[in-house]
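What follows is a short report on a single structure.
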Amino acid sequence: MNLLSPIKDHRKERHLFIGRALLASGILFILLGLVIVRLVQLQVFDHELFAVKSQGNRVRIQAVPPIRGLVFDRNGVVIAENLPAYQLELIPEQVSDVSDTLTRLAALGLIASADIPRFEAQSGSGQRFKPVTLRLRMTDEEIASFAIQRPRFPGVNFQPRLVRHYPHDELFAHAVGYVGALNTSDLQRLDPARYAGSSHTGKTGVESSFEDDLHGNAGFRHLIANARGRQIPANTTELLDSLPMDETPDPGSNIYLSLDIELQRVAFDALEGRRGSIVALDPTTGEILALVSAPSFDPNLFAVGMSTAQYDELQNNLDRPLFNRAVRGTYPPGSTIKPMLSLAALETGATNLTRKTVCIGYFQLEGNEHRYRDWKPQGHGPVDLHDAIAQSCDVYFYEISGDLGIDNMHEYLTRFGLGSQTGVDVLGERTGLVPSKEWKRNNFRDHDNKRWYDGETVIASIGQGFMLATPLQLASAVGTLALRGSRFRPHMVAAIEDPLSREKTLVEPVWLGNVGIGNELYWDNVLEAMHNVMQGPQGTARAVGFGAPYEMAGKSGTAQIVSIAQDAEYNEDEIEERQRDHALFISFAPYDDPRIAVAVIVENGSSGSNIAAPIAKAVMDKYLKYGDDAPE
Amino acid sequence: MRLSKTQRIYSSRSSGESSLSGLIRNLNIDIPLLVSLLLICGFGLFVLYSAAGESSELLINQAIRMGVALIVMLIVAQLPPDFLRRSTPWAYFGGLVLLVLVLTMGDIGQGARRWLNIGIRFQPSEAMKLAVPMMMAWYLHDRDIPPKLGHITVIAVLIAVPTYLIAKQPDLGTSILIAASGVIVIILAGMSFKVIFGLGALSIPGAFLLWSFMQDYQKQRVLTLFNPDSDPLGAGYNIIQSKIAIGSGGLFGKGWTNGSQAQLEFLPERHTDFIFAVLGEEFGLLGVIGLLALYMFVIGRGLYIAVQAHDTYSRLLAGSISLTFLVYVFVNTAMVTGLVPVVGVPLPLVSFGGTSMVTLMAGFGILMSIHSYRKLLPH
């Protein structure tokens with residue numbers, strides 16, 4: 001090897017090497033030059049683009065939910081508010097043994113043992129730094145007992161959040177409704193930008209129909225987050241510079257109801273232990289003063305969330321506490337329609353103010369043996385229209401029903417608002433039903449059933465048969481009677497308040513027109529008869545009206561829900577409680593200057609005048625005394 | 001051995017003015033090279049501290065590795081080039097044996113079989129980064145320059161065998177660097193351009209052959225290069241995030257430890273292969289060019305040493321080590337800026353990692369040794 005070295009021409013070799021080294025390094029430096037060109041491209045020419053992309057990477061937008069508007073009664077008493085509640089959370093990455101921690105929490109009674117597998121699965125999936133909610137709302141006792149034990153539960157915290165709270169529990173459950181957790185169909189319906197960050201939405205009542213006003217608009221907060229979405233605390237880094245401005249949420253509007261909490265409570269207490277409904281309104285404006293459906297439920301259960309067992313209990317309860325009878329319950333109106341039919345009969349000439357009928361306790365159509373019974377088996381004797389209303393004689397109305405006809409009944413009852421929605425500002429209202437020949441043609445398939453029978457007209461004249469009405473419709477109708485035909489749309493929301501300026505927008509009464517019966521004599525006669533129901537010598541509810549400090553008018557009704565076989569003995573004791581007749585009562589007061597109209601329905605209450613009328617009077621008593629105290 | 005004795009006498013005789021410079025000369029240290037390397041290492045530690053999320057543990061770990069690598073460099077610098085030359089076949093064939101052992105009984109990590117565990121875990125492929133250019137230089141040392149075609153064939157085999165064995169681990173990045181180091185020796189040796197261009201023409205079908213050898217993930221990386229947005233959360237993610245990091249750094253950068261892409265973990269592999277992107281984000285174009293300038297200086301100094309070298313072996317080896325270092329820098333920076341596919345090549349002396357640091361420093365030790373033993377032959 002060494003021998004070969006001397007003969008190598010080192011000088012030539014070195015020159016060759018230098019040439020090649022220059023060439024090779026030249027090529028490589030050109031390549032490196034490409035990298036520098038690339039760097040200039042990225043860092044100088046495309047810098048703006050990448051700066052934006054880098055910003056987009058690190059900035060996370062977090063929605064801030066707005067504060068929901070409050071609901072007040074007409075006196076400013078809070079009916080729905082937002083209270084801080086503490087929820088129990090577990091942060092998986094901070095817990096060394098999730099299973100053990102959950103078992104110990106169950107031992108403390110803070111979570112149900114049955115839920116452990118579900119929470120374990122939630123802790124195992126998803127981002128480990130994202131909290132898993134164990135309990136939505138802890139009681140004060142639970143917070144206290146957990147606070148003592150807290151050192152034993154690293155990674156388990158309680159977090160404050162605002163929860164909708166209904167301080168009067170069951171009192172306004174059907175009127176105001178409740179909010180519940182957003183579900184899939186809510187999310188499809190609602191504007192995602194407004195509801196970003198929101199967890200609840202109004203489900204029923206005013207909470208639902210005024211959702212748009214109550215909710216407000218979400219705001220946005222910009223956060224720094226790392227590649228895995230973990231939020232970086234603001235004080236540990238200078239990365240917060242040049243963040244876009246945050247947008248504060250717009251709080252929802254406050255709502256003032258026309259409901260009066262005192263009146264609502266009286267109505268609620270009056271139906272204690274019963275199934276039924278009360279609607280009281282101011283006939284001169286349509287403002288609803290009280291709206292009760294009994295039995296009721298605690299709306300806080302929905303706002304906070306309840307167990308499946310609790311929900312099933314509410315849902316399967318035979319008394320149907322979740323059912324809003326006031327606007328969704330449809331009942332045969334019974335004799336409560338008699339004043340309206342009287343006006344219709346006078347207006348159409350089917351009867352007159354002097355016509356008398358001798359009531360013998362039943363009525364038969366010509367050529368038919370069927371007896372249409374009066375509620376008074378022995379009959380009322382000779383009665384005119386006034387007596388027929390005051391004593392609620394059925395036979396008088398049976399007799400004029402043929403001349404009046406079902407289509408006239410339909411026409412006039414419809415003018416009073418029966419058979420269609422009242423347009424109240426609460427969603428889910430039912431229309432009820434006022435039958436007509438056309439209705440029967442359109443709604444029955446069988447040829448024989450499509451025909452309207454005279455017997456059907458007879459029972460329609462006392463509000464039985466196909467006829468159905470909601471308590472709200474009856475309240476509105478009696479209000480219309482009180483105003484001699486003038487109709488106002490019933491509504492529950494009196495004013496909407498801007499939460500920031502505190503400026504109130506009043507809801508103006510909506511006049512729906514007049515029922516179109518111009519003869520004041522007719523009105524005088526019918527209203528006087530209603531007055532006599534309460535305070536006349538033979539009035540069906542004279543026991544209720546006796547000794548009242550103000551004048552009132554009303555009409556009882558008893559809706560038969562089981563057909564009694566011909567000539568069968570009516571024995572109340574033998575009839576199951578749930579098959580008894582519904583008791584109805586409509587009324588207004590004061591007689592000369594109507595300020596309140598009330599409709600009461602007590603399911604299976606048997607007697608309108610004995611059961612429903614005292615309830616109506618209790619509500620009117622409260623309101624009129626109350627009204628005297630506080631000038632409006 | 002005879003030459004080296006002379007050299008030793010020569011060098012010790014010329015020293016003595018000051019005890020420090022004498023010591024440096026006795027230790028065969030090349031001051032310009034050492035200073036620029038220390039600057040790169042220091043800058044590297046600075047960037048690494050930020051890239052690793054301000055972890056001082058990682059920083060100390062890396063500093064210790066640098067210390068070990070510097071000691072290795074000093075030891076290698078004491079080995080005379082003749083000694084290195086005579087040991088070369090042993091190193092090369094020993095390395096080949098280890099590579100075969102790796103493929104048969106090596107440890108598996110990150111989906112590849114790269115490590116041998118004989119008390120300590122190490123990658124024989126790292127040693128081959130030096131052994132391959134040494135072997136090329138050894139083979140050409142006493143043969144005609146420029147080499148004849150037959151010699152080139154032998155050299156091609158000597159390059160191909162370790163390249164293949166390493167590619168099979170698989171470790172594409174290292175095998176490319178090793179092949180490059182060998183090819184650079186041939187070019188420096190003065191191989192005729194006809195052959196070079198001929199091989200260049202052959203590389204086109206060769207590329208297709210390589211493609212068929214590639215693992216799926218390697219093919220994916222190549223495809224991703226041309227269209228990173230086709231799979232933004234998968235294979236293209238690294239490149240997209242790396243480009244965002246560098247681009248958003250702009251001219252002056254976001255400032256040390258303020259790079260949101262790096263600090264918020266958007267940038268993967270930020271303290272290893274993609275640390276160049278952290279540099280670009282936090283120190284901007286100026287910081288990047290500063291580091292590249294330091295690299296240039298090291299390479300320039302290495303080429304200067306090569307030109308000054310006293311024999312063919314030293315000259316070719318020094319040239320190959322310097323230019324391979326340049327390839328190293330190019331492949332990493334081009335990969336991080338999205339110019340070439342992602343192959344696992346760290347940024348030399350800056351990326352976190354031990355083995356490659358030791359190999360690199362050993363290479364610079366060889367350069368220093370070659371420089372100390374120069375000037376024995378007439379120019």
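Note on naming: chains are A, B, ... as they come in the structure tokens, residues start from 1 per chain, ligands start from 1 in the order shown.
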
*Identify all residues of region 91-334 of chain A in alpha helix (DSSP H) (DSSP on the backbone) and supply them as an NGL selection string.*
:A and (98-107 or 116-124 or 140-149 or 173-176 or 184-189 or 192-195 or 205-209 or 211-215 or 261-270 or 300-304 or 308-316 or 325-328)

*With a distance cut-off of 12 Å and only C-alpha atoms, select the neighbouring residues of Arg221 (chain A), excluding the residue or stretch itself and same-chain residues fewer than 6 positions from it, and output the selection as a ChimeraX atom specification.*
/A:59-65,196-197,243-249

Residue selection dump (N, CA and C atoms) as a PDB file, in the first residue's frame:
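This went into selection_18.pdb:
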```
ATOM      1  N   VAL A  59     -56.828  29.918  18.992  1.00  0.00           N
ATOM      2  CA  VAL A  59     -57.960  30.592  19.605  1.00  0.00           C
ATOM      3  C   VAL A  59     -59.204  29.721  19.516  1.00  0.00           C
ATOM      4  N   ARG A  60     -59.776  29.456  20.661  1.00  0.00           N
ATOM      5  CA  ARG A  60     -61.040  28.728  20.703  1.00  0.00           C
ATOM      6  C   ARG A  60     -62.129  29.719  21.080  1.00  0.00           C
ATOM      7  N   ILE A  61     -63.284  29.595  20.443  1.00  0.00           N
ATOM      8  CA  ILE A  61     -64.393  30.470  20.795  1.00  0.00           C
ATOM      9  C   ILE A  61     -65.303  29.703  21.743  1.00  0.00           C
ATOM     10  N   GLN A  62     -65.530  30.299  22.903  1.00  0.00           N
ATOM     11  CA  GLN A  62     -66.416  29.647  23.856  1.00  0.00           C
ATOM     12  C   GLN A  62     -67.661  30.508  24.008  1.00  0.00           C
ATOM     13  N   ALA A  63     -68.807  29.877  23.876  1.00  0.00           N
ATOM     14  CA  ALA A  63     -70.051  30.621  23.981  1.00  0.00           C
ATOM     15  C   ALA A  63     -70.348  30.895  25.446  1.00  0.00           C
ATOM     16  N   VAL A  64     -70.873  32.077  25.715  1.00  0.00           N
ATOM     17  CA  VAL A  64     -71.321  32.423  27.062  1.00  0.00           C
ATOM     18  C   VAL A  64     -72.835  32.540  27.009  1.00  0.00           C
ATOM     19  N   PRO A  65     -73.542  31.682  27.725  1.00  0.00           N
ATOM     20  CA  PRO A  65     -75.000  31.731  27.637  1.00  0.00           C
ATOM     21  C   PRO A  65     -75.540  32.998  28.284  1.00  0.00           C
ATOM     22  N   ALA A 196     -75.832  28.787  21.458  1.00  0.00           N
ATOM     23  CA  ALA A 196     -74.506  28.269  21.762  1.00  0.00           C
ATOM     24  C   ALA A 196     -74.259  28.497  23.241  1.00  0.00           C
ATOM     25  N   GLY A 197     -73.964  27.476  23.951  1.00  0.00           N
ATOM     26  CA  GLY A 197     -73.698  27.622  25.377  1.00  0.00           C
ATOM     27  C   GLY A 197     -74.923  27.441  26.248  1.00  0.00           C
ATOM     28  N   LEU A 243     -55.826  38.885  21.066  1.00  0.00           N
ATOM     29  CA  LEU A 243     -57.049  38.090  20.930  1.00  0.00           C
ATOM     30  C   LEU A 243     -58.175  39.009  20.460  1.00  0.00           C
ATOM     31  N   PRO A 244     -59.109  38.448  19.658  1.00  0.00           N
ATOM     32  CA  PRO A 244     -60.245  39.279  19.248  1.00  0.00           C
ATOM     33  C   PRO A 244     -61.080  39.679  20.470  1.00  0.00           C
ATOM     34  N   MET A 245     -61.850  40.745  20.313  1.00  0.00           N
ATOM     35  CA  MET A 245     -62.688  41.221  21.425  1.00  0.00           C
ATOM     36  C   MET A 245     -63.764  40.194  21.763  1.00  0.00           C
ATOM     37  N   ASP A 246     -64.038  40.070  23.051  1.00  0.00           N
ATOM     38  CA  ASP A 246     -65.136  39.219  23.487  1.00  0.00           C
ATOM     39  C   ASP A 246     -66.462  39.939  23.244  1.00  0.00           C
ATOM     40  N   GLU A 247     -67.502  39.139  23.155  1.00  0.00           N
ATOM     41  CA  GLU A 247     -68.830  39.697  22.934  1.00  0.00           C
ATOM     42  C   GLU A 247     -69.691  39.299  24.123  1.00  0.00           C
ATOM     43  N   THR A 248     -70.194  40.267  24.855  1.00  0.00           N
ATOM     44  CA  THR A 248     -70.985  39.908  26.036  1.00  0.00           C
ATOM     45  C   THR A 248     -72.375  39.462  25.606  1.00  0.00           C
ATOM     46  N   PRO A 249     -72.952  38.521  26.350  1.00  0.00           N
ATOM     47  CA  PRO A 249     -74.287  38.047  25.970  1.00  0.00           C
ATOM     48  C   PRO A 249     -75.355  39.107  26.246  1.00  0.00           C
TER      49      PRO A 249
END
```

*When distances are computed from only C-alpha atoms, which of B:Arg143, B:Arg270, B:Arg114, B:Arg65 shows the smallest separation from chain A?*
B:Arg143

Closest atom pairs, chain B residues within 8 Å of chain A, only C-alpha atoms, as JSON lines:
```
{"residue": "B:Asp142", "atom": "CA", "partner": "A:Leu4", "partner_atom": "CA", "distance": 6.0}
{"residue": "B:Arg143", "atom": "CA", "partner": "A:Leu4", "partner_atom": "CA", "distance": 7.9}
{"residue": "B:Asp144", "atom": "CA", "partner": "A:Lys8", "partner_atom": "CA", "distance": 7.5}
{"residue": "B:Ile145", "atom": "CA", "partner": "A:Glu13", "partner_atom": "CA", "distance": 6.6}
{"residue": "B:Ile184", "atom": "CA", "partner": "A:Ala24", "partner_atom": "CA", "distance": 7.6}
{"residue": "B:Ile187", "atom": "CA", "partner": "A:Arg20", "partner_atom": "CA", "distance": 6.6}
{"residue": "B:Leu188", "atom": "CA", "partner": "A:Arg20", "partner_atom": "CA", "distance": 5.1}
{"residue": "B:Ala189", "atom": "CA", "partner": "A:Phe17", "partner_atom": "CA", "distance": 6.4}
{"residue": "B:Gly190", "atom": "CA", "partner": "A:Leu16", "partner_atom": "CA", "distance": 6.3}
{"residue": "B:Lys243", "atom": "CA", "partner": "A:Leu42", "partner_atom": "CA", "distance": 7.2}
{"residue": "B:Ile244", "atom": "CA", "partner": "A:Phe50", "partner_atom": "CA", "distance": 5.0}
{"residue": "B:Ala245", "atom": "CA", "partner": "A:Ser54", "partner_atom": "CA", "distance": 7.0}
{"residue": "B:Ile246", "atom": "CA", "partner": "A:Gln43", "partner_atom": "CA", "distance": 6.3}
{"residue": "B:Gly247", "atom": "CA", "partner": "A:Gln43", "partner_atom": "CA", "distance": 4.3}
{"residue": "B:Ser248", "atom": "CA", "partner": "A:Ala51", "partner_atom": "CA", "distance": 4.2}
{"residue": "B:Gly249", "atom": "CA", "partner": "A:Gln43", "partner_atom": "CA", "distance": 6.3}
{"residue": "B:Gly250", "atom": "CA", "partner": "A:Gln43", "partner_atom": "CA", "distance": 4.2}
{"residue": "B:Leu251", "atom": "CA", "partner": "A:Gln43", "partner_atom": "CA", "distance": 6.1}
{"residue": "B:Asn258", "atom": "CA", "partner": "A:Leu239", "partner_atom": "CA", "distance": 6.6}
{"residue": "B:Ser260", "atom": "CA", "partner": "A:Leu239", "partner_atom": "CA", "distance": 6.7}
{"residue": "B:Gln261", "atom": "CA", "partner": "A:Ser54", "partner_atom": "CA", "distance": 6.7}
{"residue": "B:Gln263", "atom": "CA", "partner": "A:Asn226", "partner_atom": "CA", "distance": 7.9}
{"residue": "B:Leu264", "atom": "CA", "partner": "A:Asn226", "partner_atom": "CA", "distance": 4.2}
{"residue": "B:Glu265", "atom": "CA", "partner": "A:Ala227", "partner_atom": "CA", "distance": 5.3}
{"residue": "B:Phe266", "atom": "CA", "partner": "A:Ala227", "partner_atom": "CA", "distance": 4.8}
{"residue": "B:Gly284", "atom": "CA", "partner": "A:Gln43", "partner_atom": "CA", "distance": 7.2}
{"residue": "B:Leu285", "atom": "CA", "partner": "A:Gln43", "partner_atom": "CA", "distance": 6.4}
{"residue": "B:Ile289", "atom": "CA", "partner": "A:Ile36", "partner_atom": "CA", "distance": 7.8}
{"residue": "B:Leu303", "atom": "CA", "partner": "A:Ala21", "partner_atom": "CA", "distance": 7.5}
{"residue": "B:Val307", "atom": "CA", "partner": "A:Ile18", "partner_atom": "CA", "distance": 6.5}
{"residue": "B:Asp311", "atom": "CA", "partner": "A:His10", "partner_atom": "CA", "distance": 7.6}
{"residue": "B:Thr312", "atom": "CA", "partner": "A:Glu13", "partner_atom": "CA", "distance": 7.9}
{"residue": "B:Gly319", "atom": "CA", "partner": "A:Ala21", "partner_atom": "CA", "distance": 7.1}
{"residue": "B:Leu323", "atom": "CA", "partner": "A:Ser25", "partner_atom": "CA", "distance": 6.6}
{"residue": "B:Leu326", "atom": "CA", "partner": "A:Leu28", "partner_atom": "CA", "distance": 7.0}
{"residue": "B:Val327", "atom": "CA", "partner": "A:Leu28", "partner_atom": "CA", "distance": 7.1}
{"residue": "B:Phe330", "atom": "CA", "partner": "A:Leu32", "partner_atom": "CA", "distance": 5.6}
{"residue": "B:Thr333", "atom": "CA", "partner": "A:Val35", "partner_atom": "CA", "distance": 6.7}
{"residue": "B:Ala334", "atom": "CA", "partner": "A:Val35", "partner_atom": "CA", "distance": 5.8}
{"residue": "B:Thr337", "atom": "CA", "partner": "A:Arg38", "partner_atom": "CA", "distance": 7.1}
{"residue": "B:Leu339", "atom": "CA", "partner": "A:Val35", "partner_atom": "CA", "distance": 7.6}
{"residue": "B:His379", "atom": "CA", "partner": "A:Arg11", "partner_atom": "CA", "distance": 6.7}
```

Extract, using only C-alpha atoms, all DNA, RNA and protein residues at most 9 Å from Arg274 (chain A), discarding same-chain residues fewer than 6 positions from it, and format them as a PDB file with N, CA and C atoms, in the first residue's frame.
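The new file part.pdb reads:
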```pdb
ATOM      1  N   ALA A 294    -105.427  21.601  38.118  1.00  0.00           N
ATOM      2  CA  ALA A 294    -105.106  20.745  39.258  1.00  0.00           C
ATOM      3  C   ALA A 294    -105.329  19.279  38.883  1.00  0.00           C
ATOM      4  N   PRO A 295    -104.540  18.350  39.396  1.00  0.00           N
ATOM      5  CA  PRO A 295    -103.388  18.602  40.261  1.00  0.00           C
ATOM      6  C   PRO A 295    -102.222  19.204  39.474  1.00  0.00           C
ATOM      7  N   VAL A 602    -114.664  21.355  37.888  1.00  0.00           N
ATOM      8  CA  VAL A 602    -114.173  20.355  38.832  1.00  0.00           C
ATOM      9  C   VAL A 602    -114.549  18.998  38.256  1.00  0.00           C
ATOM     10  N   GLU A 603    -113.538  18.244  37.875  1.00  0.00           N
ATOM     11  CA  GLU A 603    -113.822  16.948  37.261  1.00  0.00           C
ATOM     12  C   GLU A 603    -114.496  16.051  38.283  1.00  0.00           C
ATOM     13  N   ASN A 604    -115.536  15.377  37.859  1.00  0.00           N
ATOM     14  CA  ASN A 604    -116.280  14.452  38.687  1.00  0.00           C
ATOM     15  C   ASN A 604    -116.775  15.125  39.969  1.00  0.00           C
ATOM     16  N   GLY A 605    -117.036  16.440  39.851  1.00  0.00           N
ATOM     17  CA  GLY A 605    -117.484  17.196  41.016  1.00  0.00           C
ATOM     18  C   GLY A 605    -118.985  17.097  41.241  1.00  0.00           C
TER      19      GLY A 605
END
```

*Please provide as a ChimeraX atom specification all residues within 12 Å of Pro332 (chain A), with the sequence filter that same-chain residues fewer than 2 positions apart are discarded (counting only C-alpha atoms).*
/A:329-330,334-337,418-419,432-435,459-471,473-474,557-562,581-584,601,603

*asked:* Residues near region 191-198 of chain B, anyone? I mean within 9 Å using only C-alpha atoms, not counting same-chain ones fewer than 2 positions away, as a list in words.
replied: Ile145, Pro146, Pro147, Lys148, Leu149, Ile152, Ile186, Ile187, Leu188, Ala189, Gly200, Ala201, Leu202 and Ser203 of chain B

*Report the distance between CA of Val154 (chain B) and CA of Gln169 (chain B) in Å, rounded to one decimal place.*
23.7 Å

*asked:* I want to know what sits within 12 Å of Ser501 (chain A), based on only C-alpha atoms, with residues of the same chain fewer than 5 positions away left out; could you give that as a VMD selection string?
replied: chain A and resid 251 253 to 254 496

*Please provide as a list in words all residues within 8 Å of Tyr256 (chain A), with the sequence filter that same-chain residues fewer than 6 positions apart are discarded (counting only C-alpha atoms).*
Val71, Phe72, Asp73, Arg74, Gly76, Val493, Ala494, Ala495, Ile496 and Glu497 of chain A

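Atom to atom, CA of Val383 (chain A) and CA of Phe416 (chain A) stand 25.7 Å apart.
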
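If only C-alpha atoms are the atoms counted, then among A:Leu108, A:Ile278, A:Leu271, A:Ile517 the closest residue to Leu341 (chain A) is A:Ile517.
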